[in-house]
Structures are given as structure tokens and as C-alpha cells.
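Content type PDB, C-alpha atoms, pLDDT in the B column, from the file structure-v2.pdb:
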```pdb
ATOM      1  CA  ALA E  96     109.008 109.930 111.956  1.00 74.00           C
ATOM      2  CA  GLN E  97     107.877 111.571 108.747  1.00 83.00           C
ATOM      3  CA  SER E  98     106.095 114.867 108.212  1.00 89.00           C
ATOM      4  CA  VAL E  99     105.175 117.335 105.503  1.00 93.00           C
ATOM      5  CA  THR E 100     104.694 121.090 105.675  1.00 95.00           C
ATOM      6  CA  GLN E 101     102.909 122.980 102.951  1.00 95.00           C
ATOM      7  CA  LEU E 102     103.527 126.703 103.128  1.00 92.00           C
ATOM      8  CA  GLY E 103     100.449 128.721 102.274  1.00 91.00           C
ATOM      9  CA  SER E 104      96.983 127.259 102.648  1.00 93.00           C
ATOM     10  CA  HIS E 105      95.734 129.512  99.837  1.00 96.00           C
ATOM     11  CA  VAL E 106      97.615 130.662  96.747  1.00 97.00           C
ATOM     12  CA  SER E 107      96.223 132.907  94.005  1.00 97.00           C
ATOM     13  CA  VAL E 108      97.877 133.428  90.641  1.00 97.00           C
ATOM     14  CA  SER E 109      96.790 135.090  87.432  1.00 97.00           C
ATOM     15  CA  GLU E 110      96.011 132.984  84.394  1.00 97.00           C
ATOM     16  CA  GLY E 111      99.260 132.521  82.455  1.00 97.00           C
ATOM     17  CA  ALA E 112     101.486 133.225  85.468  1.00 98.00           C
ATOM     18  CA  LEU E 113     103.893 130.857  87.170  1.00 98.00           C
ATOM     19  CA  VAL E 114     102.434 128.478  89.728  1.00 98.00           C
ATOM     20  CA  LEU E 115     104.645 127.647  92.730  1.00 98.00           C
ATOM     21  CA  LEU E 116     103.330 125.509  95.579  1.00 98.00           C
ATOM     22  CA  ARG E 117     105.758 124.809  98.401  1.00 97.00           C
ATOM     23  CA  CYS E 118     106.348 121.554 100.234  1.00 97.00           C
ATOM     24  CA  ASN E 119     108.998 120.721 102.813  1.00 97.00           C
ATOM     25  CA  TYR E 120     109.388 117.290 104.308  1.00 94.00           C
ATOM     26  CA  SER E 121     111.005 115.610 107.254  1.00 90.00           C
ATOM     27  CA  SER E 122     112.252 112.068 106.993  1.00 83.00           C
ATOM     28  CA  SER E 123     114.854 109.916 108.679  1.00 77.00           C
ATOM     29  CA  VAL E 124     115.415 107.820 105.546  1.00 79.00           C
ATOM     30  CA  PRO E 125     115.347 108.616 101.806  1.00 81.00           C
ATOM     31  CA  PRO E 126     111.751 109.566 101.085  1.00 86.00           C
ATOM     32  CA  TYR E 127     109.252 108.919  98.381  1.00 90.00           C
ATOM     33  CA  LEU E 128     107.393 112.161  97.685  1.00 93.00           C
ATOM     34  CA  PHE E 129     104.058 112.725  95.999  1.00 95.00           C
ATOM     35  CA  TRP E 130     101.854 115.557  94.815  1.00 97.00           C
ATOM     36  CA  TYR E 131      98.141 114.905  94.537  1.00 97.00           C
ATOM     37  CA  VAL E 132      95.399 117.152  93.172  1.00 97.00           C
ATOM     38  CA  GLN E 133      91.795 117.241  94.340  1.00 96.00           C
ATOM     39  CA  TYR E 134      89.085 118.888  92.277  1.00 94.00           C
ATOM     40  CA  PRO E 135      85.840 119.873  94.009  1.00 89.00           C
ATOM     41  CA  ASN E 136      83.766 116.949  95.230  1.00 87.00           C
ATOM     42  CA  GLN E 137      86.248 114.396  93.928  1.00 90.00           C
ATOM     43  CA  GLY E 138      88.878 112.083  95.312  1.00 92.00           C
ATOM     44  CA  LEU E 139      92.606 112.698  95.087  1.00 94.00           C
ATOM     45  CA  GLN E 140      94.540 111.849  91.950  1.00 94.00           C
ATOM     46  CA  LEU E 141      98.280 111.594  91.515  1.00 95.00           C
ATOM     47  CA  LEU E 142     100.041 114.489  89.783  1.00 96.00           C
ATOM     48  CA  LEU E 143     103.592 113.218  90.080  1.00 96.00           C
ATOM     49  CA  LYS E 144     105.958 111.336  92.356  1.00 93.00           C
ATOM     50  CA  TYR E 145     109.621 111.082  93.271  1.00 93.00           C
ATOM     51  CA  THR E 146     110.992 107.650  94.124  1.00 87.00           C
ATOM     52  CA  SER E 147     114.770 108.193  94.143  1.00 79.00           C
ATOM     53  CA  ALA E 148     115.337 108.344  90.397  1.00 78.00           C
ATOM     54  CA  ALA E 149     115.649 111.691  88.581  1.00 87.00           C
ATOM     55  CA  THR E 150     115.363 114.667  90.935  1.00 90.00           C
ATOM     56  CA  LEU E 151     113.278 116.667  88.456  1.00 95.00           C
ATOM     57  CA  VAL E 152     109.968 114.929  88.040  1.00 95.00           C
ATOM     58  CA  LYS E 153     107.402 115.736  85.373  1.00 95.00           C
ATOM     59  CA  GLY E 154     103.754 115.021  85.933  1.00 95.00           C
ATOM     60  CA  ILE E 155     100.405 115.427  84.287  1.00 94.00           C
ATOM     61  CA  ASN E 156      98.900 118.708  83.097  1.00 93.00           C
ATOM     62  CA  GLY E 157     102.292 120.406  82.706  1.00 96.00           C
ATOM     63  CA  PHE E 158     103.287 120.255  86.371  1.00 97.00           C
ATOM     64  CA  GLU E 159     106.740 119.367  87.591  1.00 97.00           C
ATOM     65  CA  ALA E 160     108.574 119.203  90.904  1.00 97.00           C
ATOM     66  CA  GLU E 161     112.202 119.110  91.931  1.00 95.00           C
ATOM     67  CA  PHE E 162     113.544 117.066  94.836  1.00 95.00           C
ATOM     68  CA  LYS E 163     116.183 119.035  96.746  1.00 94.00           C
ATOM     69  CA  LYS E 164     117.707 116.987  99.519  1.00 92.00           C
ATOM     70  CA  SER E 165     119.790 119.833 100.938  1.00 92.00           C
ATOM     71  CA  GLU E 166     116.654 121.954 101.368  1.00 94.00           C
ATOM     72  CA  THR E 167     114.323 119.022 102.226  1.00 94.00           C
ATOM     73  CA  SER E 168     111.931 120.444  99.651  1.00 96.00           C
ATOM     74  CA  PHE E 169     109.729 119.178  96.865  1.00 96.00           C
ATOM     75  CA  HIS E 170     108.055 122.282  95.446  1.00 97.00           C
ATOM     76  CA  LEU E 171     105.475 121.995  92.664  1.00 98.00           C
ATOM     77  CA  THR E 172     105.632 124.319  89.676  1.00 98.00           C
ATOM     78  CA  LYS E 173     103.879 125.022  86.411  1.00 98.00           C
ATOM     79  CA  PRO E 174     105.141 127.702  84.019  1.00 97.00           C
ATOM     80  CA  SER E 175     101.746 129.017  82.955  1.00 97.00           C
ATOM     81  CA  ALA E 176      98.573 128.676  85.001  1.00 97.00           C
ATOM     82  CA  HIS E 177      95.317 127.664  83.379  1.00 97.00           C
ATOM     83  CA  MET E 178      91.830 128.142  84.752  1.00 96.00           C
ATOM     84  CA  SER E 179      91.443 124.368  84.965  1.00 96.00           C
ATOM     85  CA  ASP E 180      94.308 124.229  87.500  1.00 97.00           C
ATOM     86  CA  ALA E 181      92.051 125.621  90.219  1.00 97.00           C
ATOM     87  CA  ALA E 182      91.950 122.859  92.826  1.00 97.00           C
ATOM     88  CA  GLU E 183      93.453 121.773  96.127  1.00 96.00           C
ATOM     89  CA  TYR E 184      96.944 120.297  96.089  1.00 97.00           C
ATOM     90  CA  PHE E 185      98.425 117.937  98.634  1.00 96.00           C
ATOM     91  CA  CYS E 186     102.026 116.971  99.172  1.00 96.00           C
ATOM     92  CA  ALA E 187     102.718 113.599 100.802  1.00 94.00           C
ATOM     93  CA  VAL E 188     105.735 111.617 101.997  1.00 92.00           C
ATOM     94  CA  SER E 189     106.353 107.896 102.345  1.00 86.00           C
ATOM     95  CA  SER E 190     109.621 107.417 104.125  1.00 69.00           C
ATOM     96  CA  THR E 191     109.749 104.242 106.109  1.00 68.00           C
ATOM     97  CA  ASN E 192     109.476 100.610 105.339  1.00 62.00           C
ATOM     98  CA  PHE E 193     107.904  97.569 106.935  1.00 62.00           C
ATOM     99  CA  GLY E 194     105.717  98.382 109.906  1.00 64.00           C
ATOM    100  CA  ASN E 195     104.881 101.870 108.750  1.00 70.00           C
ATOM    101  CA  GLU E 196     103.367 101.424 105.313  1.00 79.00           C
ATOM    102  CA  LYS E 197     101.598 104.740 105.023  1.00 85.00           C
ATOM    103  CA  LEU E 198     101.661 108.211 103.533  1.00 89.00           C
ATOM    104  CA  THR E 199     101.734 111.373 105.580  1.00 90.00           C
ATOM    105  CA  PHE E 200      99.900 114.257 103.921  1.00 92.00           C
ATOM    106  CA  GLY E 201     100.302 117.983 104.251  1.00 93.00           C
ATOM    107  CA  THR E 202      97.290 120.120 105.077  1.00 93.00           C
ATOM    108  CA  GLY E 203      96.839 121.180 101.457  1.00 94.00           C
ATOM    109  CA  THR E 204      97.090 124.351  99.375  1.00 96.00           C
ATOM    110  CA  ARG E 205      94.047 125.704  97.615  1.00 96.00           C
ATOM    111  CA  LEU E 206      95.033 127.223  94.273  1.00 97.00           C
ATOM    112  CA  THR E 207      92.845 129.952  92.804  1.00 97.00           C
ATOM    113  CA  ILE E 208      93.375 131.197  89.256  1.00 97.00           C
ATOM    114  CA  ILE E 209      92.516 134.823  88.542  1.00 97.00           C
ATOM    115  CA  PRO E 210      91.216 135.458  85.010  1.00 95.00           C
TER     116      PRO E 210
ATOM    117  CA  ASN K  65      88.580  98.416  85.511  1.00 72.00           C
ATOM    118  CA  ALA K  66      86.657 100.484  88.080  1.00 80.00           C
ATOM    119  CA  GLY K  67      89.654 101.269  90.316  1.00 93.00           C
ATOM    120  CA  VAL K  68      88.539 102.125  93.854  1.00 96.00           C
ATOM    121  CA  THR K  69      84.823 102.383  94.567  1.00 96.00           C
ATOM    122  CA  GLN K  70      83.066 103.490  97.747  1.00 97.00           C
ATOM    123  CA  THR K  71      79.542 102.818  98.965  1.00 96.00           C
ATOM    124  CA  PRO K  72      77.501 104.853  99.817  1.00 96.00           C
ATOM    125  CA  LYS K  73      78.304 108.289  98.383  1.00 95.00           C
ATOM    126  CA  PHE K  74      76.237 110.194 100.949  1.00 96.00           C
ATOM    127  CA  ARG K  75      74.726 109.316 104.299  1.00 96.00           C
ATOM    128  CA  VAL K  76      73.022 111.122 107.138  1.00 97.00           C
ATOM    129  CA  LEU K  77      73.005 109.489 110.563  1.00 96.00           C
ATOM    130  CA  LYS K  78      71.605 110.391 113.934  1.00 97.00           C
ATOM    131  CA  THR K  79      73.869 110.364 116.962  1.00 97.00           C
ATOM    132  CA  GLY K  80      74.280 106.840 118.263  1.00 97.00           C
ATOM    133  CA  GLN K  81      73.408 105.066 115.024  1.00 97.00           C
ATOM    134  CA  SER K  82      75.808 102.661 113.402  1.00 96.00           C
ATOM    135  CA  MET K  83      76.849 102.191 109.822  1.00 95.00           C
ATOM    136  CA  THR K  84      79.418 100.505 107.593  1.00 97.00           C
ATOM    137  CA  LEU K  85      81.244 102.082 104.671  1.00 97.00           C
ATOM    138  CA  LEU K  86      82.411  99.725 101.969  1.00 97.00           C
ATOM    139  CA  CYS K  87      85.527 100.153  99.864  1.00 98.00           C
ATOM    140  CA  ALA K  88      86.333  97.860  96.944  1.00 98.00           C
ATOM    141  CA  GLN K  89      89.330  97.798  94.613  1.00 97.00           C
ATOM    142  CA  ASP K  90      89.936  95.715  91.509  1.00 96.00           C
ATOM    143  CA  MET K  91      93.678  96.363  91.093  1.00 94.00           C
ATOM    144  CA  ASN K  92      94.861  93.466  93.265  1.00 94.00           C
ATOM    145  CA  HIS K  93      96.539  95.913  95.657  1.00 94.00           C
ATOM    146  CA  GLU K  94      97.904  94.606  98.938  1.00 92.00           C
ATOM    147  CA  TYR K  95      97.489  97.810 100.909  1.00 93.00           C
ATOM    148  CA  MET K  96      94.249  99.627 101.678  1.00 96.00           C
ATOM    149  CA  TYR K  97      93.537 102.760 103.711  1.00 96.00           C
ATOM    150  CA  TRP K  98      90.712 104.763 105.233  1.00 98.00           C
ATOM    151  CA  TYR K  99      91.124 108.541 105.624  1.00 97.00           C
ATOM    152  CA  ARG K 100      88.918 111.341 106.778  1.00 97.00           C
ATOM    153  CA  GLN K 101      89.115 114.839 105.349  1.00 95.00           C
ATOM    154  CA  ASP K 102      88.075 117.888 107.313  1.00 93.00           C
ATOM    155  CA  PRO K 103      88.513 121.546 106.306  1.00 86.00           C
ATOM    156  CA  GLY K 104      92.009 122.837 107.018  1.00 82.00           C
ATOM    157  CA  MET K 105      93.263 119.512 108.316  1.00 84.00           C
ATOM    158  CA  GLY K 106      94.230 117.655 105.169  1.00 86.00           C
ATOM    159  CA  LEU K 107      93.782 113.895 105.154  1.00 92.00           C
ATOM    160  CA  ARG K 108      94.099 111.996 108.379  1.00 93.00           C
ATOM    161  CA  LEU K 109      94.581 108.250 108.411  1.00 94.00           C
ATOM    162  CA  ILE K 110      92.004 106.287 110.385  1.00 97.00           C
ATOM    163  CA  HIS K 111      93.031 102.650 109.857  1.00 96.00           C
ATOM    164  CA  TYR K 112      94.901 100.734 107.227  1.00 95.00           C
ATOM    165  CA  SER K 113      95.609  97.189 106.114  1.00 94.00           C
ATOM    166  CA  VAL K 114      98.694  95.647 104.561  1.00 90.00           C
ATOM    167  CA  GLY K 115      96.980  92.435 103.583  1.00 91.00           C
ATOM    168  CA  GLU K 116      93.920  90.249 103.869  1.00 93.00           C
ATOM    169  CA  GLY K 117      93.070  89.599 107.499  1.00 93.00           C
ATOM    170  CA  THR K 118      95.385  92.312 108.884  1.00 93.00           C
ATOM    171  CA  THR K 119      94.595  95.835 110.065  1.00 95.00           C
ATOM    172  CA  ALA K 120      96.456  98.590 111.882  1.00 93.00           C
ATOM    173  CA  LYS K 121      95.590 101.876 113.562  1.00 93.00           C
ATOM    174  CA  GLY K 122      96.315 105.175 111.944  1.00 92.00           C
ATOM    175  CA  GLU K 123      96.358 108.687 113.330  1.00 90.00           C
ATOM    176  CA  VAL K 124      92.687 108.975 114.380  1.00 95.00           C
ATOM    177  CA  PRO K 125      91.302 105.452 115.011  1.00 97.00           C
ATOM    178  CA  ASP K 126      89.000 106.130 117.977  1.00 96.00           C
ATOM    179  CA  GLY K 127      85.324 105.467 117.288  1.00 96.00           C
ATOM    180  CA  TYR K 128      86.027 103.396 114.168  1.00 97.00           C
ATOM    181  CA  ASN K 129      86.587  99.727 113.428  1.00 97.00           C
ATOM    182  CA  VAL K 130      87.702  98.033 110.236  1.00 97.00           C
ATOM    183  CA  SER K 131      87.831  94.622 108.659  1.00 97.00           C
ATOM    184  CA  ARG K 132      89.597  93.162 105.646  1.00 97.00           C
ATOM    185  CA  LEU K 133      88.151  89.705 105.132  1.00 94.00           C
ATOM    186  CA  LYS K 134      88.805  89.749 101.400  1.00 95.00           C
ATOM    187  CA  LYS K 135      91.777  91.279  99.640  1.00 95.00           C
ATOM    188  CA  GLN K 136      89.618  93.486  97.448  1.00 97.00           C
ATOM    189  CA  ASN K 137      87.383  94.887 100.213  1.00 97.00           C
ATOM    190  CA  PHE K 138      88.031  97.110 103.215  1.00 98.00           C
ATOM    191  CA  LEU K 139      85.134  97.974 105.524  1.00 98.00           C
ATOM    192  CA  LEU K 140      84.971 100.934 107.896  1.00 98.00           C
ATOM    193  CA  GLY K 141      82.462 100.755 110.730  1.00 97.00           C
ATOM    194  CA  LEU K 142      81.061 103.352 113.064  1.00 96.00           C
ATOM    195  CA  GLU K 143      79.465 101.599 116.025  1.00 91.00           C
ATOM    196  CA  SER K 144      77.906 104.667 117.653  1.00 96.00           C
ATOM    197  CA  ALA K 145      78.133 107.739 115.463  1.00 96.00           C
ATOM    198  CA  ALA K 146      78.931 111.137 116.963  1.00 97.00           C
ATOM    199  CA  PRO K 147      78.685 114.622 115.418  1.00 97.00           C
ATOM    200  CA  SER K 148      82.502 114.815 115.499  1.00 96.00           C
ATOM    201  CA  GLN K 149      82.531 112.062 112.888  1.00 97.00           C
ATOM    202  CA  THR K 150      80.842 114.314 110.336  1.00 97.00           C
ATOM    203  CA  SER K 151      83.398 114.325 107.554  1.00 97.00           C
ATOM    204  CA  VAL K 152      84.272 113.155 104.073  1.00 97.00           C
ATOM    205  CA  TYR K 153      85.742 109.665 104.102  1.00 98.00           C
ATOM    206  CA  PHE K 154      88.159 108.438 101.465  1.00 97.00           C
ATOM    207  CA  CYS K 155      89.380 104.968 100.809  1.00 97.00           C
ATOM    208  CA  ALA K 156      92.645 104.326  98.982  1.00 97.00           C
ATOM    209  CA  SER K 157      94.657 101.343  97.857  1.00 96.00           C
ATOM    210  CA  SER K 158      98.234 100.848  96.781  1.00 93.00           C
ATOM    211  CA  TYR K 159     100.850  98.302  95.877  1.00 87.00           C
ATOM    212  CA  ALA K 160     103.976  97.854  97.935  1.00 80.00           C
ATOM    213  CA  THR K 161     107.400  98.770  96.688  1.00 74.00           C
ATOM    214  CA  SER K 162     109.230  95.559  95.986  1.00 68.00           C
ATOM    215  CA  GLY K 163     111.660  94.615  98.727  1.00 68.00           C
ATOM    216  CA  SER K 164     110.874  97.412 101.161  1.00 69.00           C
ATOM    217  CA  GLY K 165     107.173  97.184 101.897  1.00 71.00           C
ATOM    218  CA  ARG K 166     106.924 100.951 101.495  1.00 78.00           C
ATOM    219  CA  THR K 167     103.641 102.201 100.040  1.00 80.00           C
ATOM    220  CA  ASP K 168     103.905 103.609  96.560  1.00 82.00           C
ATOM    221  CA  THR K 169     101.195 105.481  94.676  1.00 89.00           C
ATOM    222  CA  GLN K 170      97.845 105.391  96.434  1.00 93.00           C
ATOM    223  CA  TYR K 171      94.677 105.341  94.337  1.00 95.00           C
ATOM    224  CA  PHE K 172      91.679 107.040  95.865  1.00 96.00           C
ATOM    225  CA  GLY K 173      87.969 106.436  95.728  1.00 96.00           C
ATOM    226  CA  PRO K 174      85.464 109.257  95.131  1.00 95.00           C
ATOM    227  CA  GLY K 175      84.603 109.663  98.815  1.00 96.00           C
ATOM    228  CA  THR K 176      81.632 109.268 101.147  1.00 97.00           C
ATOM    229  CA  ARG K 177      80.116 112.390 102.643  1.00 96.00           C
ATOM    230  CA  LEU K 178      78.800 111.556 106.126  1.00 97.00           C
ATOM    231  CA  THR K 179      76.740 113.869 108.296  1.00 97.00           C
ATOM    232  CA  VAL K 180      75.958 112.958 111.886  1.00 97.00           C
ATOM    233  CA  LEU K 181      73.158 114.967 113.465  1.00 96.00           C
TER     234      LEU K 181
END
```
Write out the structure in this file as C-alpha cells.
Amino acid sequence: AQSVTQLGSHVSVSEGALVLLRCNYSSSVPPYLFWYVQYPNQGLQLLLKYTSAATLVKGINGFEAEFKKSETSFHLTKPSAHMSDAAEYFCAVSSTNFGNEKLTFGTGTRLTIIP
Amino acid sequence: NAGVTQTPKFRVLKTGQSMTLLCAQDMNHEYMYWYRQDPGMGLRLIHYSVGEGTTAKGEVPDGYNVSRLKKQNFLLGLESAAPSQTSVYFCASSYATSGSGRTDTQYFGPGTRLTVL
């Protein structure tokens, strides 16, 4: 079985401050992990992904995430928040092979940027 | 290259009516998915398909049917709509990781906003 927990359904940060969105996963096999972003009234788009290569993954718009197996975490960070980062962020895991070809999503974290 | 497209973008139904949502992708992806998104619940998988002519149930399949007659299209049907099916519906497609079958990056359509009165 695979699952994802996103801590904090709402996060607010000041413009220019560090963004930290938390994601913990559960998987019985080495996982693939994804962060998606959803802007209002749009579909989801990929920010970054981990597929068993480098544990520190860099994505679009200055975001990055680090895979930590010992902590079963894949937290998303950005050093300096911008107003355009306001959106909803979803963490997802793909951890099994044939017969279970799907992603399991977390419930999302809505990021608000304070001017 | 349009990616993943969904038709229609908006629809209002009365309870008991039927409708079909169409998803099309032009990336030659093997896998396709239908999700629903409701406030505070993230994305929940309705049905998915790992190839033309095959479908499988997801987390919340009741009240929905699907068909994948062509590789590029994935249809979601509601035979008798209920107010509980008011939601935003997203289609996605992906390629399979070579050798494992695991889904890799999923590409999403813009969504269909459905209201059932």
C-alpha cells in the first residue's frame, strides 16, 4: 500500500521568506515522489519529481525537494517566496509496479504569500 | 501539441441525467486516468486505463463508467447523475517507466466543472 501525508492544509509566508511544505510518504518499495502545483481554475502541473537518482531534486520556479529515506519525507522548499507562488501544492507517490499503475495524492497544501 | 484536453469545460445537470466527459491526449501515452477533486479531499482516482481496451477501478468508481476504445481517448460516463457527483473532474495521462510498468509523470487536462442539481 502507498500513502502520502501533507502536514498543514494551509501555509502562509511573507514575500521573500522561506517556503517549506511538508510531505511524508508510506511505501513498501522504493517510491517515485512528485510535487505538483495547481493555480486557481487550472489543472495540475509538475514541479519536480524523484525517481531514485539524486536525492536533492530541483524543479521549476526555484523549488527543490530532498528525498530522505530514513524520515520517509519529501519536503518542498524555496528560499524566497514570490507572490506568484500562491497556489495549492500536492505531493504524490508512485510506489508499486504492474497491477497498480497509479499515483496516490496527498490532500494538498494551500500556500498564501503575504505582501 | 495540445497535451491533454477535456470536453466540456463546464456542465450543469439535473439529478438522473446522463452525460459523457471526453479526454484526449496527443502524447501517445499508454496510461490514462480520471480523477475528481473536492475541497479538502485532494484528488481521488475514479478509474484508470493502462492501455487501449483496458480499464480498472480506482478509489471512488461507484456511479461512473469508462471506456478506452482508442489509445488517445478516455471517456468518463455518468449514467444517472447525483448531487454527490458535483465536482471538478480531471483527466491525466502518463507513460510507463520502462521495465516496471510504474506510472511516471502524469500530465493533466484543464478540468471539467460539473454541477448536479
What are the closest atom pairs, with distances in Å to one decimal, for each residue of chain K lying within 12 Å of chain E, using only C-alpha atoms, rows by chain and rising residue number, as a tab-separated table?
```
residue	atom	partner	partner_atom	distance
K:Gly67	CA	E:Gln140	CA	11.8
K:Val68	CA	E:Gly138	CA	10.1
K:Thr69	CA	E:Gly138	CA	10.5
K:Gln70	CA	E:Gly138	CA	10.7
K:Lys73	CA	E:Asn136	CA	10.7
K:Phe74	CA	E:Asn136	CA	11.6
K:Glu94	CA	E:Glu196	CA	10.8
K:Tyr95	CA	E:Glu196	CA	8.2
K:Met96	CA	E:Lys197	CA	9.6
K:Tyr97	CA	E:Lys197	CA	8.4
K:Trp98	CA	E:Lys197	CA	10.9
K:Tyr99	CA	E:Phe200	CA	10.6
K:Arg100	CA	E:Gly138	CA	11.5
K:Gln101	CA	E:Thr202	CA	9.7
K:Asp102	CA	E:Thr202	CA	9.7
K:Pro103	CA	E:Thr202	CA	9.0
K:Gly104	CA	E:Thr202	CA	6.2
K:Met105	CA	E:Thr202	CA	5.2
K:Gly106	CA	E:Thr202	CA	3.9
K:Leu107	CA	E:Phe200	CA	6.3
K:Arg108	CA	E:Phe200	CA	7.7
K:Leu109	CA	E:Thr199	CA	8.3
K:Ile110	CA	E:Lys197	CA	11.1
K:His111	CA	E:Lys197	CA	10.1
K:Tyr112	CA	E:Lys197	CA	8.1
K:Ser113	CA	E:Glu196	CA	8.9
K:Val114	CA	E:Glu196	CA	7.5
K:Gly115	CA	E:Glu196	CA	11.2
K:Thr119	CA	E:Gly194	CA	11.4
K:Ala120	CA	E:Gly194	CA	9.5
K:Lys121	CA	E:Asn195	CA	10.5
K:Gly122	CA	E:Lys197	CA	8.7
K:Glu123	CA	E:Thr199	CA	9.8
K:Val152	CA	E:Asn136	CA	9.6
K:Tyr153	CA	E:Gly138	CA	9.6
K:Phe154	CA	E:Gly138	CA	7.2
K:Cys155	CA	E:Gly138	CA	9.0
K:Ala156	CA	E:Leu139	CA	9.2
K:Ser157	CA	E:Lys197	CA	10.5
K:Ser158	CA	E:Lys197	CA	9.7
K:Tyr159	CA	E:Glu196	CA	10.3
K:Ala160	CA	E:Glu196	CA	8.2
K:Thr161	CA	E:Asn192	CA	9.1
K:Ser162	CA	E:Asn192	CA	10.6
K:Gly163	CA	E:Asn192	CA	9.2
K:Ser164	CA	E:Asn192	CA	5.4
K:Gly165	CA	E:Phe193	CA	5.1
K:Arg166	CA	E:Asn192	CA	4.6
K:Thr167	CA	E:Glu196	CA	5.3
K:Asp168	CA	E:Ser189	CA	7.6
K:Thr169	CA	E:Leu141	CA	7.5
K:Gln170	CA	E:Leu141	CA	7.9
K:Tyr171	CA	E:Gln140	CA	6.9
K:Phe172	CA	E:Leu139	CA	5.8
K:Gly173	CA	E:Gly138	CA	5.7
K:Pro174	CA	E:Gly138	CA	4.4
K:Gly175	CA	E:Gly138	CA	6.0
K:Thr176	CA	E:Gly138	CA	9.7
K:Arg177	CA	E:Asn136	CA	9.4
```
Inset, instruction - Specify as a list of chain:residue names each residue included when the PyMOL selection byres ((chain K and resi 130-135) around 8) is applied to this file. - result: K:Asn92, K:His93, K:Glu94, K:His111, K:Ser113, K:Gly115, K:Glu116, K:Gly117, K:Thr118, K:Thr119, K:Tyr128, K:Asn129, K:Gln136, K:Asn137, K:Phe138, K:Leu139, K:Leu140, K:Gly141
Based on the selection just made, write C-alpha atoms of those residues as a PDB file, in the frame of the given file.
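And here's selection.pdb as it stands now:
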```pdb
ATOM      1  CA  ASN K  92      94.861  93.466  93.265  1.00 94.00           C
ATOM      2  CA  HIS K  93      96.539  95.913  95.657  1.00 94.00           C
ATOM      3  CA  GLU K  94      97.904  94.606  98.938  1.00 92.00           C
ATOM      4  CA  HIS K 111      93.031 102.650 109.857  1.00 96.00           C
ATOM      5  CA  SER K 113      95.609  97.189 106.114  1.00 94.00           C
ATOM      6  CA  GLY K 115      96.980  92.435 103.583  1.00 91.00           C
ATOM      7  CA  GLU K 116      93.920  90.249 103.869  1.00 93.00           C
ATOM      8  CA  GLY K 117      93.070  89.599 107.499  1.00 93.00           C
ATOM      9  CA  THR K 118      95.385  92.312 108.884  1.00 93.00           C
ATOM     10  CA  THR K 119      94.595  95.835 110.065  1.00 95.00           C
ATOM     11  CA  TYR K 128      86.027 103.396 114.168  1.00 97.00           C
ATOM     12  CA  ASN K 129      86.587  99.727 113.428  1.00 97.00           C
ATOM     13  CA  GLN K 136      89.618  93.486  97.448  1.00 97.00           C
ATOM     14  CA  ASN K 137      87.383  94.887 100.213  1.00 97.00           C
ATOM     15  CA  PHE K 138      88.031  97.110 103.215  1.00 98.00           C
ATOM     16  CA  LEU K 139      85.134  97.974 105.524  1.00 98.00           C
ATOM     17  CA  LEU K 140      84.971 100.934 107.896  1.00 98.00           C
ATOM     18  CA  GLY K 141      82.462 100.755 110.730  1.00 97.00           C
TER      19      GLY K 141
END
```
I would like the residues chosen by the PyMOL selection byres ((chain E and resi 174) around 9) on the shown file; could you give them as a PDB file with C-alpha atoms, in the frame of the given file?
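So the final result, stored in out.pdb, reads:
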```
ATOM      1  CA  GLY E 111      99.260 132.521  82.455  1.00 97.00           C
ATOM      2  CA  ALA E 112     101.486 133.225  85.468  1.00 98.00           C
ATOM      3  CA  LEU E 113     103.893 130.857  87.170  1.00 98.00           C
ATOM      4  CA  VAL E 114     102.434 128.478  89.728  1.00 98.00           C
ATOM      5  CA  LEU E 115     104.645 127.647  92.730  1.00 98.00           C
ATOM      6  CA  GLY E 157     102.292 120.406  82.706  1.00 96.00           C
ATOM      7  CA  PHE E 158     103.287 120.255  86.371  1.00 97.00           C
ATOM      8  CA  THR E 172     105.632 124.319  89.676  1.00 98.00           C
ATOM      9  CA  LYS E 173     103.879 125.022  86.411  1.00 98.00           C
ATOM     10  CA  SER E 175     101.746 129.017  82.955  1.00 97.00           C
ATOM     11  CA  ALA E 176      98.573 128.676  85.001  1.00 97.00           C
TER      12      ALA E 176
END
```
Inset, instruction - Any chance you could resolve the PyMOL selection byres ((chain E and resi 121) around 10) against this file and give the residues as an MDAnalysis selection string? - result: chainID E and resid 96:100 119:120 122:126 167:168 188 190
Inset, instruction - Give me the residues within 6 Å of E:Phe169 as a ChimeraX atom specification, counting only C-alpha atoms and dropping any in the same chain fewer than 6 places off. - result: /E:118,161-162
Legend entry - Atom-to-atom span, atom CA of K:Ser151 and atom CA of K:Val180, Å: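 Going from atom CA of K:Ser151 over to atom CA of K:Val180 covers 8.7 Å.
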Legend entry - Gap from atom CA of K:Gly127 to atom CA of K:Gln149 - Å, one decimal: 8.4 Å
